[in-house]
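Reading through the structure tokens given below for one structure.
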Amino acid sequence: MLDVGIDTLSFYVPAYVLDLALLAEARGIDVNKFYSGLGQLKMAVTPPDEDIVTMAANAAQRAVRDMDLTQIEMLLFATESGIDQSKAAGIYVHDLIGLPKRCRVIELKQACYSGTMALQLALPYLHAYPHKKVLLVASDIARYGLGTTGESSQGCAALAMVLSANPRLLALEPEYGIVTENVMDFWRPNYRNEALVEGKYSSKLYMAMLEKTWQQYQELSGRGFDDHSYYCYHTPVPRLVEKAHHHFVKINNYQHLQADVITQHIRDSLEYGRQIGNSYTASLYIGLASLLDSAVADLSGKRIGFYSYGSGCVAEYFSGVVRSGYRQALDTQHHQRLLQRRQPLSYDEYATFYSFQYPEDGGTHAIPHHQTGLFRLARLEGHKRIYEKYANS
Ligand code: HMG
């Protein structure tokens with residue numbers, strides 16, 4: 001049977017970051033609540049001239065860097081931070097990175113789950129058209145509001161992957177466990193810029209759906225716990241993933257494993273998330289990038305279990321096997337450069353970026369210049385967003 005899956009994987013984070021120690025100080029909270037209680041060190045912050053489109057275009061440009069673009073006939077854009085009720089954000093990305101006109105573009109939404117939906121939608125297409133490729137972009141800005149309990153679990157990033165037959169990084173396996181339930185743990189009405197959340201309830205659901213989707217996946221695939229070497233989880237906060245994985249080990253009756261073996265299943269996948277924060281749709285796949293980039297061991301042939309959770313809720317369990325020679329297709333140095341180049345913000349600078357209001361009067365408004373990647377939001381004009389690309393960045 002033809003292998004289909006992830007051929008390249010690149011992410012983008014903005015050039016600004018807030019250390020949660022500064023947030024803790026501003027809120028009068030012990031920083032250990034964030035560092036150890038949530039397992040989160042920093043969160044990525046967008047300046048006003050970055051949005052889901054600029055982040056996505058930067059990630060996508062890297063993901064397609066050695067490709068024949070005419071093979072890409074589909075761009076799937078997963079987000080829950082949409083900038084328009086009608087036009088798909090992916091159309092801007094399609095233009096900014098110069099994809100051919102013969103290309104389908106669509107935006108998908110279901111909280112943090114839609115990246116996984118996009119992935120699953122692409123697989124039958126690639127089986128039918130093995131010479132074509134699909135560009136999947138997941139891009140989000142997590143916002144709960146200044147001073148809210150969710151504030152320390154904000155963040156932002158974009159992740160782009162090219163999906164193809166005979167992929168270089170990961171072959172996806174066909175079995176999956178999937179559950180949908182109508183719950184109100186996290187939502188964002190159209191008139192709000194910030195999400196509403198029942199934090200503790202959402203964490204409970206995250207755990208409950210893990211158990212349900214895993215059970216289904218296990219029954220359908222006939223694979224058990226020890227058929228998987230590593231695990232990637234959607235990562236709203238790293239500590240929740242650690243708790244979920246311990247619970248997972250317990251329900252599979254593997255409590256006898258040594259603590260460092262259990263830690264090793266997930267440790268590398270959480271590295272980038274601790275520095276970025278929640279990136280919603282991108283988060284699970286940034287976890288995969290983190291694992292592939294950080295693992296010292298050769299992961300060729302190793303099976304990874306994936307848990308995708310999107311509030312509201314849809315959850316899915318699936319798996320993939322790392323391809324031999326995968327390291328040659330990684331973008332590790334670029335990812336590390338992006339994280340290292342970031343400029344630390346003071347609390348006041350963070351609050352100023354966060355509170356920036358985009359004018360809504362339809363006039364022409366230049367957006368203040370900050371440090372960005374190759375693309376930036378240059379101005380608003382007649383209710384349109386105008387993006388620009390730096391030629392020599
Ligand atoms: P919270 O009220 O900020 O934190 O909520 P807490 O009071 O539960 O404390 C967290 C942990 O820190 C606790 O440990 C404390 O004991 C510990 P635990 O009891 O859980 O083991 N702690 C300390 N540790 C060391 N030193 C200290 C200290 N003080 C306390 N001094 C929560 C945390 C994640 C719920 C909150 O940040 C929140 O509401 N976040 C947003 C929602 C969220 O992330 N939910 C997760 C599951 S839902 C999901 O993943 C979907 C989502 O991504 C959205 C989508 O799908 O689009 C969110």
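By order of appearance in the structure tokens: chains A, B, ..., then residues from 1 within every chain, and ligands from 1 in the order shown.
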Which residues of chain A have any atom within 7 Å of an atom in ligand 1 when counting only C-alpha atoms and all ligand atoms, and what is the closest pair of atoms for each, with the distance in Å to one decimal? Order the rows by chain and rising number and write it as a Markdown table.
| residue | atom | partner | partner_atom_place_in_ligand_line | distance |
| --- | --- | --- | --- | --- |
| A:Asp30 | CA | ligand 1 | 31 (N) | 4.9 |
| A:Val31 | CA | ligand 1 | 31 (N) | 6.6 |
| A:Asn32 | CA | ligand 1 | 26 (N) | 4.1 |
| A:Lys33 | CA | ligand 1 | 28 (C) | 3.5 |
| A:Phe34 | CA | ligand 1 | 12 (O) | 6.7 |
| A:Ser36 | CA | ligand 1 | 25 (C) | 5.2 |
| A:Gly37 | CA | ligand 1 | 12 (O) | 3.1 |
| A:Leu38 | CA | ligand 1 | 12 (O) | 5.5 |
| A:Glu80 | CA | ligand 1 | 57 (O) | 6.9 |
| A:Ala111 | CA | ligand 1 | 57 (O) | 3.7 |
| A:Cys112 | CA | ligand 1 | 56 (O) | 3.9 |
| A:Tyr113 | CA | ligand 1 | 56 (O) | 6.5 |
| A:Thr149 | CA | ligand 1 | 3 (O) | 4.8 |
| A:Gly150 | CA | ligand 1 | 40 (N) | 3.8 |
| A:Glu151 | CA | ligand 1 | 37 (O) | 6.7 |
| A:Ser152 | CA | ligand 1 | 37 (O) | 6.1 |
| A:Ser153 | CA | ligand 1 | 37 (O) | 5.2 |
| A:Phe186 | CA | ligand 1 | 54 (C) | 6.1 |
| A:Val197 | CA | ligand 1 | 42 (C) | 6.0 |
| A:Glu198 | CA | ligand 1 | 39 (O) | 6.2 |
| A:Gly199 | CA | ligand 1 | 39 (O) | 3.3 |
| A:Lys200 | CA | ligand 1 | 35 (C) | 4.8 |
| A:Ser202 | CA | ligand 1 | 48 (S) | 4.3 |
| A:Ser203 | CA | ligand 1 | 47 (C) | 3.9 |
| A:Tyr206 | CA | ligand 1 | 47 (C) | 5.4 |
| A:His234 | CA | ligand 1 | 50 (O) | 6.6 |
| A:Thr235 | CA | ligand 1 | 50 (O) | 6.5 |
| A:Pro236 | CA | ligand 1 | 44 (O) | 4.5 |
| A:Val237 | CA | ligand 1 | 44 (O) | 6.1 |
| A:Asn278 | CA | ligand 1 | 53 (O) | 6.6 |
| A:Tyr280 | CA | ligand 1 | 53 (O) | 5.1 |
| A:Tyr309 | CA | ligand 1 | 56 (O) | 6.1 |
| A:Gly310 | CA | ligand 1 | 56 (O) | 3.5 |
| A:Ser311 | CA | ligand 1 | 56 (O) | 3.8 |
Preceding selection exported with C-alpha atoms as an mmCIF file, in the first residue's frame:
data_model
loop_
_atom_site.group_PDB
_atom_site.id
_atom_site.type_symbol
_atom_site.label_atom_id
_atom_site.label_comp_id
_atom_site.auth_asym_id
_atom_site.auth_seq_id
_atom_site.Cartn_x
_atom_site.Cartn_y
_atom_site.Cartn_z
ATOM 1 C CA ASP A 30 4.191 33.097 42.372
ATOM 2 C CA VAL A 31 5.995 32.373 39.086
ATOM 3 C CA ASN A 32 6.253 28.690 40.030
ATOM 4 C CA LYS A 33 2.553 28.395 39.358
ATOM 5 C CA PHE A 34 3.362 29.069 35.692
ATOM 6 C CA SER A 36 5.977 24.313 37.333
ATOM 7 C CA GLY A 37 2.168 24.273 37.939
ATOM 8 C CA LEU A 38 1.498 24.765 34.214
ATOM 9 C CA GLU A 80 -9.888 29.582 14.915
ATOM 10 C CA ALA A 111 -11.202 24.980 17.626
ATOM 11 C CA CYS A 112 -7.791 23.299 17.959
ATOM 12 C CA TYR A 113 -8.940 20.223 16.036
ATOM 13 C CA THR A 149 -7.079 32.856 34.381
ATOM 14 C CA GLY A 150 -6.316 31.717 30.848
ATOM 15 C CA GLU A 151 -3.835 34.569 30.234
ATOM 16 C CA SER A 152 -0.707 32.530 30.977
ATOM 17 C CA SER A 153 -1.849 29.881 28.477
ATOM 18 C CA PHE A 186 -14.299 27.003 25.310
ATOM 19 C CA VAL A 197 -13.453 29.285 28.740
ATOM 20 C CA GLU A 198 -14.410 26.959 31.573
ATOM 21 C CA GLY A 199 -10.801 26.069 32.301
ATOM 22 C CA LYS A 200 -11.165 23.173 34.721
ATOM 23 C CA SER A 202 -12.044 21.893 29.544
ATOM 24 C CA SER A 203 -9.132 20.044 31.168
ATOM 25 C CA TYR A 206 -9.444 16.807 27.383
ATOM 26 C CA HIS A 234 -2.337 18.887 21.713
ATOM 27 C CA THR A 235 -0.581 21.195 24.193
ATOM 28 C CA PRO A 236 -2.643 23.979 25.757
ATOM 29 C CA VAL A 237 -0.193 23.885 28.698
ATOM 30 C CA ASN A 278 -0.770 27.524 23.129
ATOM 31 C CA TYR A 280 -4.305 26.139 19.077
ATOM 32 C CA TYR A 309 -8.361 17.845 20.960
ATOM 33 C CA GLY A 310 -10.486 20.817 19.893
ATOM 34 C CA SER A 311 -12.868 22.292 22.431
#
For Glu50 in chain A: contacts at 7 Å, only C-alpha atoms, fewer than 6 positions along chain excluded, given as a compact mmCIF listing (two decimals) with C-alpha atoms, in the first residue's frame:
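Saved result, out22.txt, follows:
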# COMPACT_ATOMS: atom_id res chain seq x y z
CA THR A 372 8.52 40.61 11.42
CA ARG A 376 3.85 41.87 7.24
CA LEU A 377 0.44 43.46 7.47
Tell me which protein, DNA and RNA residues are within 8 Å of range 132-136 of chain A, counting only C-alpha atoms, leaving out same-chain ones fewer than 3 positions away, and put them as a short mmCIF file (atom, residue, chain, number, x, y, z; two decimals) with N, CA, C and O atoms, in the first residue's frame.
data_model
loop_
_atom_site.label_atom_id
_atom_site.label_comp_id
_atom_site.auth_asym_id
_atom_site.auth_seq_id
_atom_site.Cartn_x
_atom_site.Cartn_y
_atom_site.Cartn_z
N ALA A 60 4.68 28.65 5.61
CA ALA A 60 4.43 27.97 4.33
C ALA A 60 5.61 28.13 3.37
O ALA A 60 6.02 27.19 2.68
N GLN A 71 2.92 21.21 -8.26
CA GLN A 71 2.34 19.95 -7.74
C GLN A 71 1.32 20.21 -6.62
O GLN A 71 0.55 19.33 -6.27
N ILE A 72 1.37 21.42 -6.06
CA ILE A 72 0.47 21.72 -4.93
C ILE A 72 -0.86 22.23 -5.48
O ILE A 72 -0.95 23.35 -5.98
N GLU A 73 -1.88 21.40 -5.38
CA GLU A 73 -3.19 21.79 -5.93
C GLU A 73 -4.22 22.00 -4.84
O GLU A 73 -5.40 22.11 -5.10
N MET A 74 -3.77 22.00 -3.58
CA MET A 74 -4.71 22.20 -2.49
C MET A 74 -4.01 22.87 -1.31
O MET A 74 -2.92 22.45 -0.93
N LEU A 75 -4.64 23.93 -0.82
CA LEU A 75 -4.12 24.59 0.39
C LEU A 75 -5.24 24.56 1.43
O LEU A 75 -6.32 25.12 1.20
N LEU A 76 -4.99 23.88 2.53
CA LEU A 76 -5.97 23.79 3.61
C LEU A 76 -5.48 24.66 4.75
O LEU A 76 -4.35 24.48 5.22
N PHE A 77 -6.29 25.62 5.19
CA PHE A 77 -5.87 26.58 6.22
C PHE A 77 -6.72 26.35 7.46
O PHE A 77 -7.92 26.60 7.45
N ALA A 78 -6.10 25.84 8.50
CA ALA A 78 -6.81 25.57 9.75
C ALA A 78 -6.59 26.73 10.71
O ALA A 78 -5.45 27.12 10.96
N GLY A 115 -6.75 21.39 12.30
CA GLY A 115 -5.51 20.96 11.60
C GLY A 115 -5.54 19.47 11.34
O GLY A 115 -5.13 18.99 10.28
N ALA A 118 -7.94 18.67 8.59
CA ALA A 118 -7.30 18.97 7.30
C ALA A 118 -6.38 17.83 6.89
O ALA A 118 -6.37 17.40 5.72
N LEU A 119 -5.65 17.33 7.85
CA LEU A 119 -4.72 16.22 7.58
C LEU A 119 -5.50 15.01 7.06
O LEU A 119 -5.15 14.39 6.04
N ALA A 122 -6.84 15.31 3.55
CA ALA A 122 -5.83 15.24 2.48
C ALA A 122 -5.45 13.81 2.11
O ALA A 122 -5.06 13.55 0.97
N LEU A 126 -4.52 12.21 -1.62
CA LEU A 126 -3.16 11.83 -2.01
C LEU A 126 -3.10 10.38 -2.49
O LEU A 126 -2.27 10.04 -3.36
N TYR A 129 -4.40 10.81 -6.01
CA TYR A 129 -3.51 11.59 -6.89
C TYR A 129 -2.10 11.61 -6.29
O TYR A 129 -1.65 12.62 -5.77
N ALA A 160 3.31 24.87 9.04
CA ALA A 160 2.94 24.47 7.67
C ALA A 160 3.55 23.11 7.38
O ALA A 160 4.68 22.82 7.80
N MET A 161 2.78 22.26 6.71
CA MET A 161 3.36 20.99 6.28
C MET A 161 2.92 20.69 4.86
O MET A 161 1.78 20.98 4.48
N VAL A 162 3.83 20.13 4.12
CA VAL A 162 3.46 19.62 2.81
C VAL A 162 3.17 18.14 2.99
O VAL A 162 3.97 17.40 3.59
N LEU A 163 2.00 17.72 2.52
CA LEU A 163 1.57 16.33 2.62
C LEU A 163 1.72 15.70 1.25
O LEU A 163 1.40 16.33 0.24
N SER A 164 2.20 14.48 1.22
CA SER A 164 2.45 13.86 -0.08
C SER A 164 2.47 12.34 0.02
O SER A 164 2.47 11.79 1.14
N ALA A 165 2.49 11.69 -1.12
CA ALA A 165 2.77 10.25 -1.16
C ALA A 165 4.28 10.07 -0.95
O ALA A 165 5.07 10.99 -1.24
#
Do a neighbour search on range 3-6 of chain A at 6 Å with only C-alpha atoms, toss out local chain neighbours closer than 2 positions, and write the hits as a PyMOL selection string.
-> chain A and resi 8+163-167+169-172
Within 7 Å of Gly305 in chain A using only C-alpha atoms, minus same-chain residues under 6 positions, as a PyMOL selection string = chain A and resi 228+230-232+318-320
Taking only C-alpha atoms into account, which of A:Val137, A:Ala195, A:Leu240, A:Val249 comes nearest Thr281 in chain A?
->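 Of all the options, A:Val137 lies closest to Thr281 in chain A.
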Residues of range 181-358 of chain A in strand (DSSP E) according to DSSP, as a list in words?
->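 Those in range 181-358 of chain A that DSSP calls strand (DSSP E) are Phe186, Trp187, Leu196, Val197, Tyr230, Tyr231, Cys232, Tyr233, Arg303, Ile304, Gly305, Phe306, Tyr307, Ser308, Tyr309, Gly310, Val314, Ala315, Glu316, Tyr317, Phe318, Ser319, Gly320, Val321, Val322, Gln343 and Pro344 of chain A.
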Write out as a list in words each polymer residue whose atoms come within 8 Å of Ala57 in chain A, counting only C-alpha atoms; drop sequence neighbours fewer than 6 positions from it.
->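 Listing them by chain and then by number gives Val93, Leu96, Ile97 and Phe375 of chain A.
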Using only N, CA and C atoms, please write the residues we just selected to a file, as an mmCIF file, in the first residue's frame.
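Saved to out_39.cif:
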data_model
loop_
_atom_site.group_PDB
_atom_site.id
_atom_site.type_symbol
_atom_site.label_atom_id
_atom_site.label_comp_id
_atom_site.auth_asym_id
_atom_site.auth_seq_id
_atom_site.Cartn_x
_atom_site.Cartn_y
_atom_site.Cartn_z
ATOM 1 N N VAL A 93 -2.314 33.693 1.610
ATOM 2 C CA VAL A 93 -1.066 32.900 1.685
ATOM 3 C C VAL A 93 -0.737 32.341 0.297
ATOM 4 N N LEU A 96 0.793 35.225 -1.483
ATOM 5 C CA LEU A 96 2.082 35.692 -0.946
ATOM 6 C C LEU A 96 3.228 34.731 -1.253
ATOM 7 N N ILE A 97 2.938 33.433 -1.289
ATOM 8 C CA ILE A 97 4.047 32.496 -1.547
ATOM 9 C C ILE A 97 4.076 32.029 -3.013
ATOM 10 N N PHE A 375 6.996 38.540 5.733
ATOM 11 C CA PHE A 375 5.708 39.158 5.372
ATOM 12 C C PHE A 375 5.201 40.005 6.521
#
In Å, with one decimal, what is the gap from CA of Gln154 in chain A to CA of Arg239 in chain A?
-> 14.4 Å
Contacts of Met209 in chain A at 12 Å or less, counting only C-alpha atoms, minus same-chain residues fewer than 5 places along, as a list of chain:residue names?
->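 Counting only the stated atoms, we get A:Gly177, A:Ile178, A:Val179, A:Thr180, A:Glu181, A:Val183, A:Ser202, A:Ser203, A:Lys204, A:Trp214, A:Gln215, A:Gln216, A:Tyr217, A:Ala244, A:Phe248, A:Tyr307, A:Ser308, A:Tyr309, A:Gly310, A:Ser311, A:Gly312, A:Cys313, A:Val314, A:Ala315, A:Glu316, A:Tyr317.
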Proximity check range 13-76 of chain A to range 347-368 of chain A, 9 Å, nearest pairs one decimal Å, only C-alpha atoms, as a tab-separated table:
residue	atom	partner	partner_atom	distance
A:Tyr16	CA	A:Tyr350	CA	8.8
A:Val17	CA	A:Tyr350	CA	8.3
A:Leu18	CA	A:Tyr350	CA	6.9
A:Asp19	CA	A:Tyr347	CA	8.8
A:Leu22	CA	A:Tyr347	CA	5.9
A:Leu23	CA	A:Tyr347	CA	6.5
A:Glu25	CA	A:Tyr347	CA	8.9
A:Ala26	CA	A:Tyr347	CA	7.1
A:Val45	CA	A:Tyr350	CA	7.3
A:Thr46	CA	A:Phe353	CA	7.2
A:Pro47	CA	A:Phe353	CA	5.6
A:Pro48	CA	A:Phe353	CA	6.4
A:Asp49	CA	A:Ile367	CA	6.0
Go ahead and compute the interatomic distance for CA of Leu205 in chain A and CA of Met184 in chain A, in Å to one decimal.
->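 Pair CA of Leu205 in chain A / CA of Met184 in chain A returns 10.2 Å.
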